[in-house]
file model08.cif (mmCIF, C-alpha atoms)
data_query
#
loop_
_atom_site.label_atom_id
_atom_site.label_comp_id
_atom_site.auth_asym_id
_atom_site.auth_seq_id
_atom_site.Cartn_x
_atom_site.Cartn_y
_atom_site.Cartn_z
CA MET A 268 78.05 169.54 92.45
CA THR A 269 80.72 170.38 95.02
CA THR A 270 82.58 167.41 96.47
CA ASP A 271 83.05 167.21 100.24
CA TYR A 272 86.55 165.77 100.20
CA SER A 273 86.76 165.17 103.95
CA THR A 274 83.64 163.02 103.84
CA LEU A 275 84.95 161.33 100.71
CA VAL A 276 88.19 160.41 102.49
CA ASP A 277 86.24 158.84 105.35
CA SER A 278 84.34 156.71 102.83
CA LEU A 279 87.58 155.73 101.10
CA LYS A 280 89.12 154.67 104.40
CA ASP A 281 86.11 152.50 105.17
CA LEU A 282 86.37 150.97 101.71
CA CYS A 283 90.08 150.30 102.16
CA ARG A 284 89.47 148.57 105.48
CA THR A 285 86.86 146.31 103.92
CA ALA A 286 89.17 145.44 101.03
CA GLY A 287 92.07 145.08 103.45
CA ASP A 288 90.16 142.55 105.54
CA ALA A 289 89.51 140.51 102.39
CA ILE A 290 93.21 140.65 101.55
CA LEU A 291 94.17 139.52 105.05
CA THR A 292 91.77 136.58 104.84
CA VAL A 293 93.70 135.32 101.80
CA TYR A 294 97.01 136.24 103.49
CA SER A 295 96.20 133.85 106.32
CA GLN A 296 95.85 130.93 103.92
CA ASP A 297 98.57 128.57 102.71
CA ASP A 298 97.57 128.90 99.05
CA PHE A 299 97.26 132.42 97.61
CA GLY A 300 96.05 131.22 94.21
CA VAL A 301 99.04 132.77 92.44
CA ILE A 302 99.05 132.97 88.64
CA GLN A 303 101.32 134.86 86.24
CA LYS A 304 99.85 137.62 84.09
CA SER A 305 100.85 138.22 80.47
CA ASP A 306 103.58 140.64 81.58
CA ASP A 307 104.99 137.91 83.87
CA SER A 308 103.92 139.73 87.03
CA PRO A 309 102.07 137.71 89.68
CA VAL A 310 98.43 138.11 90.65
CA THR A 311 96.62 136.41 93.53
CA GLU A 312 93.13 135.70 94.78
CA ALA A 313 93.62 138.69 97.11
CA ASP A 314 94.17 141.06 94.16
CA HIS A 315 90.88 139.98 92.60
CA LYS A 316 88.87 140.11 95.84
CA ALA A 317 90.16 143.59 96.69
CA HIS A 318 89.51 144.81 93.14
CA ALA A 319 85.88 143.68 93.23
CA ILE A 320 85.23 145.38 96.58
CA ILE A 321 86.95 148.63 95.62
CA GLN A 322 85.39 148.79 92.15
CA ALA A 323 81.87 148.45 93.55
CA GLY A 324 82.56 150.91 96.37
CA LEU A 325 84.03 153.63 94.15
CA VAL A 326 81.20 153.43 91.62
CA ALA A 327 78.79 154.06 94.50
CA LEU A 328 80.74 157.12 95.68
CA LEU A 329 81.18 159.14 92.48
CA ASP A 330 79.83 158.74 88.97
CA ILE A 331 83.24 158.66 87.29
CA PRO A 332 85.31 155.90 85.64
CA VAL A 333 87.47 153.50 87.64
CA LEU A 334 90.85 152.49 86.21
CA SER A 335 92.24 149.55 88.18
CA GLU A 336 95.22 147.28 87.69
CA GLU A 337 92.92 144.27 87.80
CA GLY A 338 90.27 145.77 85.51
CA THR A 339 90.21 146.36 81.77
CA LEU A 340 92.27 149.13 80.16
CA PRO A 341 90.18 151.26 77.78
CA PRO A 342 91.99 152.77 74.77
CA LEU A 343 93.48 156.24 75.09
CA SER A 344 90.82 157.60 72.73
CA GLU A 345 88.27 156.83 75.45
CA ARG A 346 90.40 157.68 78.47
CA GLU A 347 91.44 161.10 77.16
CA THR A 348 87.80 162.22 77.34
CA TRP A 349 87.79 161.70 81.11
CA THR A 350 87.95 164.80 83.29
CA GLN A 351 88.01 162.89 86.57
CA TYR A 352 88.54 159.22 87.31
CA TRP A 353 89.73 156.84 90.00
CA LEU A 354 93.15 155.23 89.60
CA VAL A 355 93.52 152.10 91.73
CA ASP A 356 96.00 149.42 92.65
CA PRO A 357 93.93 147.04 94.79
CA LEU A 358 97.06 145.24 96.00
CA ASP A 359 100.32 147.10 95.49
CA GLY A 360 103.25 144.87 96.33
CA THR A 361 101.91 141.50 95.24
CA ARG A 362 105.45 140.10 95.37
CA GLU A 363 105.74 141.31 98.97
CA PHE A 364 102.37 139.71 99.70
CA ILE A 365 103.54 136.37 98.27
CA ALA A 366 106.83 136.63 100.20
CA ARG A 367 104.90 137.48 103.40
CA THR A 368 106.91 140.62 104.16
CA ASP A 369 103.72 142.46 105.25
CA GLU A 370 104.77 145.39 103.02
CA PHE A 371 101.78 145.62 100.70
CA THR A 372 99.18 148.34 100.34
CA ILE A 373 95.92 149.42 98.76
CA ASN A 374 96.33 152.55 96.62
CA ILE A 375 93.40 154.76 95.57
CA ALA A 376 93.83 158.10 93.80
CA LEU A 377 91.28 160.62 92.59
CA MET A 378 92.53 162.03 89.30
CA ASP A 379 91.62 165.40 87.81
CA LYS A 380 92.98 166.62 84.48
CA ASN A 381 95.66 163.92 84.48
CA GLN A 382 97.00 164.78 87.93
CA PRO A 383 96.30 163.09 91.30
CA ILE A 384 94.46 165.49 93.59
CA LEU A 385 93.66 163.07 96.42
CA GLY A 386 95.31 159.85 97.52
CA VAL A 387 94.60 157.18 100.12
CA ILE A 388 97.07 154.38 100.87
CA TYR A 389 96.27 151.64 103.36
CA ALA A 390 98.65 149.04 104.77
CA PRO A 391 96.36 146.20 105.97
CA VAL A 392 98.87 144.41 108.24
CA ALA A 393 99.95 147.60 110.02
CA LYS A 394 96.36 148.93 109.91
CA ALA A 395 97.83 152.27 108.89
CA PHE A 396 96.52 154.91 106.50
CA TYR A 397 98.33 157.63 104.65
CA TYR A 398 96.12 160.14 102.88
CA GLY A 399 96.18 163.66 101.52
CA GLY A 400 96.46 165.84 98.47
CA LYS A 401 96.03 169.36 97.17
CA VAL A 402 92.24 169.34 97.67
CA LEU A 403 92.77 168.55 101.37
CA HIS A 404 95.57 171.12 101.72
CA GLY A 405 97.78 168.65 103.55
CA SER A 406 98.54 165.01 104.28
CA TRP A 407 98.11 162.73 107.28
CA ARG A 408 99.08 159.37 108.76
CA GLN A 409 96.55 157.46 110.84
CA LYS A 410 96.47 154.13 112.61
CA VAL A 411 93.09 152.45 112.87
CA GLY A 412 91.47 153.50 116.15
CA GLU A 413 93.75 156.53 116.58
CA GLU A 414 93.56 160.20 115.62
CA PRO A 415 95.22 161.32 112.36
CA VAL A 416 98.63 163.01 112.55
CA VAL A 417 99.71 165.71 110.11
CA ILE A 418 102.77 164.70 108.10
CA ASN A 419 105.29 166.87 106.28
CA THR A 420 108.37 166.20 104.23
CA ARG A 421 111.66 167.38 105.66
CA PRO A 422 114.35 169.79 104.43
CA CYS A 423 117.35 168.17 102.79
CA ALA A 424 120.54 169.54 104.34
CA PRO A 425 123.40 170.07 101.84
CA GLU A 426 126.47 168.04 102.77
CA GLY A 427 124.53 166.35 105.58
CA LEU A 428 122.74 163.03 105.95
CA LEU A 429 120.69 161.69 103.03
CA ASN A 430 118.14 158.95 103.66
CA VAL A 431 117.26 157.03 100.49
CA ALA A 432 114.43 154.55 99.88
CA VAL A 433 115.33 151.46 97.88
CA THR A 434 112.78 149.03 96.49
CA ARG A 435 112.92 145.56 98.02
CA ASN A 436 112.78 143.60 94.77
CA HIS A 437 115.25 145.68 92.77
CA GLY A 438 117.38 147.27 95.45
CA ARG A 439 120.69 148.99 95.04
CA ASP A 440 121.75 147.25 91.82
CA GLN A 441 119.86 149.66 89.54
CA LEU A 442 121.05 152.72 91.45
CA VAL A 443 124.81 152.18 91.79
CA ASP A 444 125.83 155.30 89.86
CA LEU A 445 123.25 157.46 91.58
CA ILE A 446 124.20 156.30 95.06
CA GLU A 447 127.86 157.00 94.26
CA ARG A 448 126.88 160.57 93.36
CA PHE A 449 124.96 160.88 96.62
CA GLU A 450 127.96 159.61 98.56
CA GLN A 451 130.18 162.25 96.94
CA ARG A 452 127.79 165.06 97.89
CA PHE A 453 126.55 164.04 101.34
CA SER A 454 128.54 163.12 104.43
CA GLU A 455 126.32 160.08 105.06
CA VAL A 456 123.94 158.10 102.87
CA HIS A 457 121.56 155.64 104.52
CA LEU A 458 119.53 153.15 102.47
CA THR A 459 116.11 151.97 103.65
CA VAL A 460 114.67 148.92 101.92
CA ALA A 461 110.89 148.70 101.67
CA GLY A 462 108.17 147.38 99.41
CA SER A 463 105.14 148.83 97.61
CA SER A 464 104.07 152.47 97.95
CA LEU A 465 105.30 152.53 101.55
CA LYS A 466 108.57 154.02 100.26
CA THR A 467 106.71 157.07 99.00
CA CYS A 468 104.84 157.33 102.30
CA LEU A 469 108.15 157.36 104.20
CA VAL A 470 109.25 160.36 102.14
CA ALA A 471 105.90 162.07 102.75
CA GLU A 472 106.17 161.67 106.53
CA GLY A 473 109.72 163.06 106.62
CA SER A 474 111.48 159.79 107.48
CA LEU A 475 113.34 159.69 104.15
CA ASP A 476 114.61 162.30 101.70
CA ILE A 477 114.29 160.62 98.32
CA TYR A 478 112.97 157.52 96.61
CA PRO A 479 114.61 157.12 93.19
CA ARG A 480 112.94 154.56 90.96
CA ARG A 481 114.45 153.04 87.86
CA GLY A 482 112.61 150.21 86.19
CA PRO A 483 109.00 149.55 85.26
CA THR A 484 106.09 150.80 87.33
CA CYS A 485 102.58 151.71 86.27
CA GLU A 486 100.48 154.79 86.89
CA TRP A 487 98.33 153.06 89.52
CA ASP A 488 101.53 152.35 91.49
CA THR A 489 102.37 156.04 91.91
CA ALA A 490 99.26 158.24 91.73
CA ALA A 491 97.99 157.94 95.32
CA GLY A 492 101.48 158.36 96.73
CA GLN A 493 102.13 161.38 94.54
CA ALA A 494 99.01 163.11 95.87
CA ILE A 495 100.10 162.39 99.44
CA VAL A 496 103.70 163.54 98.90
CA GLU A 497 102.54 166.74 97.22
CA GLY A 498 100.11 167.40 100.08
CA ALA A 499 103.02 166.95 102.51
CA GLY A 500 105.26 169.41 100.66
CA GLY A 501 107.25 167.17 98.30
CA LYS A 502 107.20 166.28 94.62
CA VAL A 503 107.32 163.30 92.27
CA LEU A 504 109.54 164.19 89.31
CA ASN A 505 110.35 162.53 86.00
CA GLY A 506 113.80 162.52 84.39
CA GLN A 507 113.27 166.07 83.10
CA MET A 508 112.61 167.24 86.67
CA LEU A 509 108.93 167.85 85.88
CA PRO A 510 105.96 166.45 87.82
CA LEU A 511 104.92 162.96 86.81
CA THR A 512 101.80 163.08 84.61
CA TYR A 513 99.09 160.55 83.85
CA ASN A 514 96.74 159.20 81.18
CA GLN A 515 98.57 160.75 78.23
CA LYS A 516 99.53 157.64 76.24
CA GLU A 517 98.20 154.19 75.42
CA SER A 518 100.55 152.52 77.89
CA LEU A 519 100.30 153.24 81.61
CA ILE A 520 103.97 152.45 82.22
CA ASN A 521 105.76 155.26 84.06
CA PRO A 522 109.14 156.65 83.13
CA ASP A 523 111.90 156.53 85.73
CA PHE A 524 111.01 158.93 88.53
CA TYR A 525 112.15 160.47 91.80
CA VAL A 526 110.05 161.06 94.91
CA VAL A 527 111.69 164.00 96.71
CA GLY A 528 110.80 165.45 100.05
CA ASP A 529 112.46 168.85 99.70
CA PRO A 530 111.57 170.42 96.34
CA ASN A 531 114.04 173.26 96.98
CA ALA A 532 117.10 171.00 97.15
CA GLU A 533 119.42 170.97 94.13
CA TRP A 534 118.13 167.68 92.77
CA GLU A 535 118.71 168.55 89.13
CA SER A 536 122.48 168.67 89.59
CA LEU A 537 122.40 165.30 91.35
CA LEU A 538 119.88 163.42 89.24
CA THR A 539 120.48 164.54 85.65
#
call {"tool": "encode", "arguments": {"input": "model08.cif", "output": "structure tokens"}}
result
Amino acid sequence: MTTDYSTLVDSLKDLCRTAGDAILTVYSQDDFGVIQKSDDSPVTEADHKAHAIIQAGLVALLDIPVLSEEGTLPPLSERETWTQYWLVDPLDGTREFIARTDEFTINIALMDKNQPILGVIYAPVAKAFYYGGKVLHGSWRQKVGEEPVVINTRPCAPEGLLNVAVTRNHGRDQLVDLIERFEQRFSEVHLTVAGSSLKTCLVAEGSLDIYPRRGPTCEWDTAAGQAIVEGAGGKVLNGQMLPLTYNQKESLINPDFYVVGDPNAEWESLLT
């Protein structure tokens, strides 16, 4: 059966809006129902509500497995038999949600042969979508009620201005040596602090040049954004300057990675 990806995206956007409304209902409350998971990361009532909505919606769309942060993690022996599956973070940026920064998202990726081929990211407060991937032959940004706008990454000018995304909860501290290297190569280095997968979206739309990430993330944090960045002309690279891959080990923890807008820039000399 051939998949109509444009129709699928429309269904995913509807699903994200429904889950986003549930998240915002919790966001308007004084008590988020925060508990700590076994890895010491927080989870809220909003995470669970969004997971339930998205899980049910995705199962109705395609007859493939759903791998969600708030679901169960099957062993690799089962997962490695999957050809296609959904990879979901129902509330990316739970710490941002708890801190009320508004910088949290819903991330949904369609995976094929351990690579994201389609991604949808929705920011409920901004009511903004980012979506795209290789099967759509491009990427777009869209505000609810408005027409979608094509997005592209931007060229990185040698010796010019470099715009760098920095994660809100880890910031510059983990990137001191890398930023010093950037400052030696480029005439100006600007840091933009943001939460969740919005950093990757800013690279995809050409607002930023690179998002370097050191420290733990999981595959559901990056897959949707990787599809969107690749559709917009960029790449997500591991420490060996190869594309980030998925579902190849028991753990879903990512290595350090770099989201780059211009794949033709000399990143290897800067990052390795």
call {"tool": "residues_near_point", "arguments": {"input": "model08.cif", "point": "(95.2, 150.8, 111.8)", "cutoff": "8 Å", "atoms": "all atoms listed in the file", "output": "list in words"}}
result
Pro391, Ala393, Lys394, Ala395, Phe396, Gln409, Lys410, Val411, Gly412 and Glu413 of chain A
call {"tool": "residues_around", "arguments": {"input": "model08.cif", "residues": "Leu343 in chain A", "least_positions_apart": "2", "cutoff": "12 Å", "atoms": "all atoms listed in the file", "output": "ChimeraX atom specification"}}
result
/A:340-341,345-349,513-519
call {"tool": "write_last_selection", "arguments": {"input": "model08.cif", "atoms": "C-alpha atoms", "output": "PDB file, keeping the file's coordinate frame"}}
result
ATOM      1  CA  LEU A 340      92.270 149.130  80.160  1.00  0.00           C
ATOM      2  CA  PRO A 341      90.180 151.260  77.780  1.00  0.00           C
ATOM      3  CA  GLU A 345      88.270 156.830  75.450  1.00  0.00           C
ATOM      4  CA  ARG A 346      90.400 157.680  78.470  1.00  0.00           C
ATOM      5  CA  GLU A 347      91.440 161.100  77.160  1.00  0.00           C
ATOM      6  CA  THR A 348      87.800 162.220  77.340  1.00  0.00           C
ATOM      7  CA  TRP A 349      87.790 161.700  81.110  1.00  0.00           C
ATOM      8  CA  TYR A 513      99.090 160.550  83.850  1.00  0.00           C
ATOM      9  CA  ASN A 514      96.740 159.200  81.180  1.00  0.00           C
ATOM     10  CA  GLN A 515      98.570 160.750  78.230  1.00  0.00           C
ATOM     11  CA  LYS A 516      99.530 157.640  76.240  1.00  0.00           C
ATOM     12  CA  GLU A 517      98.200 154.190  75.420  1.00  0.00           C
ATOM     13  CA  SER A 518     100.550 152.520  77.890  1.00  0.00           C
ATOM     14  CA  LEU A 519     100.300 153.240  81.610  1.00  0.00           C
TER      15      LEU A 519
END
call {"tool": "atom_distance", "arguments": {"input": "model08.cif", "atom1": "CA of Glu426 in chain A", "atom2": "CA of Gly498 in chain A"}}
result
26.5 Å
call {"tool": "resolve_selection", "arguments": {"input": "model08.cif", "expression": "the PyMOL selection byres ((chain A and resi 457) around 8)", "output": "list of chain:residue names"}}
result
A:Leu428, A:Leu429, A:Asn430, A:Val431, A:Glu455, A:Val456, A:Leu458, A:Thr459
call {"tool": "closest_residue", "arguments": {"input": "model08.cif", "among": "A:Ser406, A:Thr339, A:Ser463, A:Thr434", "to": "Leu358 in chain A", "atoms": "all atoms listed in the file"}}
result
A:Ser463
call {"tool": "resolve_selection", "arguments": {"input": "model08.cif", "expression": "the PyMOL selection byres ((chain A and resi 442) around 12)", "output": "VMD selection string"}}
result
chain A and resid 431 to 434 437 to 441 443 to 449 458 478 to 482 523 525 538
call {"tool": "resolve_selection", "arguments": {"input": "model08.cif", "expression": "the PyMOL selection byres ((chain A and resi 307-315) around 10)", "output": "PyMOL selection string"}}
result
chain A and resi 286-294+298-306+316-321+336-338+356-362+364-365+373
call {"tool": "write_last_selection", "arguments": {"input": "model08.cif", "atoms": "C-alpha atoms", "output": "compact mmCIF listing (two decimals), in the coordinates of the input"}}
result
# COMPACT_ATOMS: atom_id res chain seq x y z
CA ALA A 286 89.17 145.44 101.03
CA GLY A 287 92.07 145.08 103.45
CA ASP A 288 90.16 142.55 105.54
CA ALA A 289 89.51 140.51 102.39
CA ILE A 290 93.21 140.65 101.55
CA LEU A 291 94.17 139.52 105.05
CA THR A 292 91.77 136.58 104.84
CA VAL A 293 93.70 135.32 101.80
CA TYR A 294 97.01 136.24 103.49
CA ASP A 298 97.57 128.90 99.05
CA PHE A 299 97.26 132.42 97.61
CA GLY A 300 96.05 131.22 94.21
CA VAL A 301 99.04 132.77 92.44
CA ILE A 302 99.05 132.97 88.64
CA GLN A 303 101.32 134.86 86.24
CA LYS A 304 99.85 137.62 84.09
CA SER A 305 100.85 138.22 80.47
CA ASP A 306 103.58 140.64 81.58
CA LYS A 316 88.87 140.11 95.84
CA ALA A 317 90.16 143.59 96.69
CA HIS A 318 89.51 144.81 93.14
CA ALA A 319 85.88 143.68 93.23
CA ILE A 320 85.23 145.38 96.58
CA ILE A 321 86.95 148.63 95.62
CA GLU A 336 95.22 147.28 87.69
CA GLU A 337 92.92 144.27 87.80
CA GLY A 338 90.27 145.77 85.51
CA ASP A 356 96.00 149.42 92.65
CA PRO A 357 93.93 147.04 94.79
CA LEU A 358 97.06 145.24 96.00
CA ASP A 359 100.32 147.10 95.49
CA GLY A 360 103.25 144.87 96.33
CA THR A 361 101.91 141.50 95.24
CA ARG A 362 105.45 140.10 95.37
CA PHE A 364 102.37 139.71 99.70
CA ILE A 365 103.54 136.37 98.27
CA ILE A 373 95.92 149.42 98.76
call {"tool": "atom_distance", "arguments": {"input": "model08.cif", "atom1": "CA of Gly386 in chain A", "atom2": "CA of Val276 in chain A"}}
result
8.7 Å
call {"tool": "closest_residue", "arguments": {"input": "model08.cif", "among": "A:Ile520, A:Val470, A:Val526, A:Ala491", "to": "Asn374 in chain A", "atoms": "all atoms listed in the file"}}
result
A:Ala491
call {"tool": "residues_around", "arguments": {"input": "model08.cif", "residues": "Thr484 in chain A", "least_positions_apart": "2", "cutoff": "8 Å", "atoms": "only C-alpha atoms", "output": "PDB file with C-alpha atoms, in the coordinates of the input"}}
result
ATOM      1  CA  GLY A 482     112.610 150.210  86.190  1.00  0.00           C
ATOM      2  CA  GLU A 486     100.480 154.790  86.890  1.00  0.00           C
ATOM      3  CA  ASP A 488     101.530 152.350  91.490  1.00  0.00           C
ATOM      4  CA  THR A 489     102.370 156.040  91.910  1.00  0.00           C
ATOM      5  CA  ILE A 520     103.970 152.450  82.220  1.00  0.00           C
ATOM      6  CA  ASN A 521     105.760 155.260  84.060  1.00  0.00           C
ATOM      7  CA  PRO A 522     109.140 156.650  83.130  1.00  0.00           C
TER       8      PRO A 522
END
call {"tool": "residues_around", "arguments": {"input": "model08.cif", "residues": "Thr270 in chain A", "least_positions_apart": "5", "cutoff": "12 Å", "atoms": "all atoms listed in the file", "output": "list in words"}}
result
Leu275, Val276, Leu328, Leu329, Asp330, Leu377, Leu385, Val402 and Leu403 of chain A
call {"tool": "closest_residue", "arguments": {"input": "model08.cif", "among": "A:Val417, A:Ile384, A:Val496, A:Leu465", "to": "Phe371 in chain A", "atoms": "all atoms listed in the file"}}
result
A:Leu465
call {"tool": "atom_distance", "arguments": {"input": "model08.cif", "atom1": "CA of Ala471 in chain A", "atom2": "CA of Thr420 in chain A"}}
result
5.0 Å
call {"tool": "closest_residue", "arguments": {"input": "model08.cif", "among": "A:Met508, A:Pro342, A:Pro483, A:Thr350", "to": "Lys380 in chain A", "atoms": "all atoms listed in the file"}}
result
A:Thr350
call {"tool": "closest_residue", "arguments": {"input": "model08.cif", "among": "A:Gly500, A:Gly399, A:Gly427, A:Gly405", "to": "Gly528 in chain A", "atoms": "all atoms listed in the file"}}
result
A:Gly500
call {"tool": "closest_residue", "arguments": {"input": "model08.cif", "among": "A:Ser273, A:Thr539, A:Gln493, A:Thr285", "to": "Leu354 in chain A", "atoms": "all atoms listed in the file"}}
result
A:Gln493
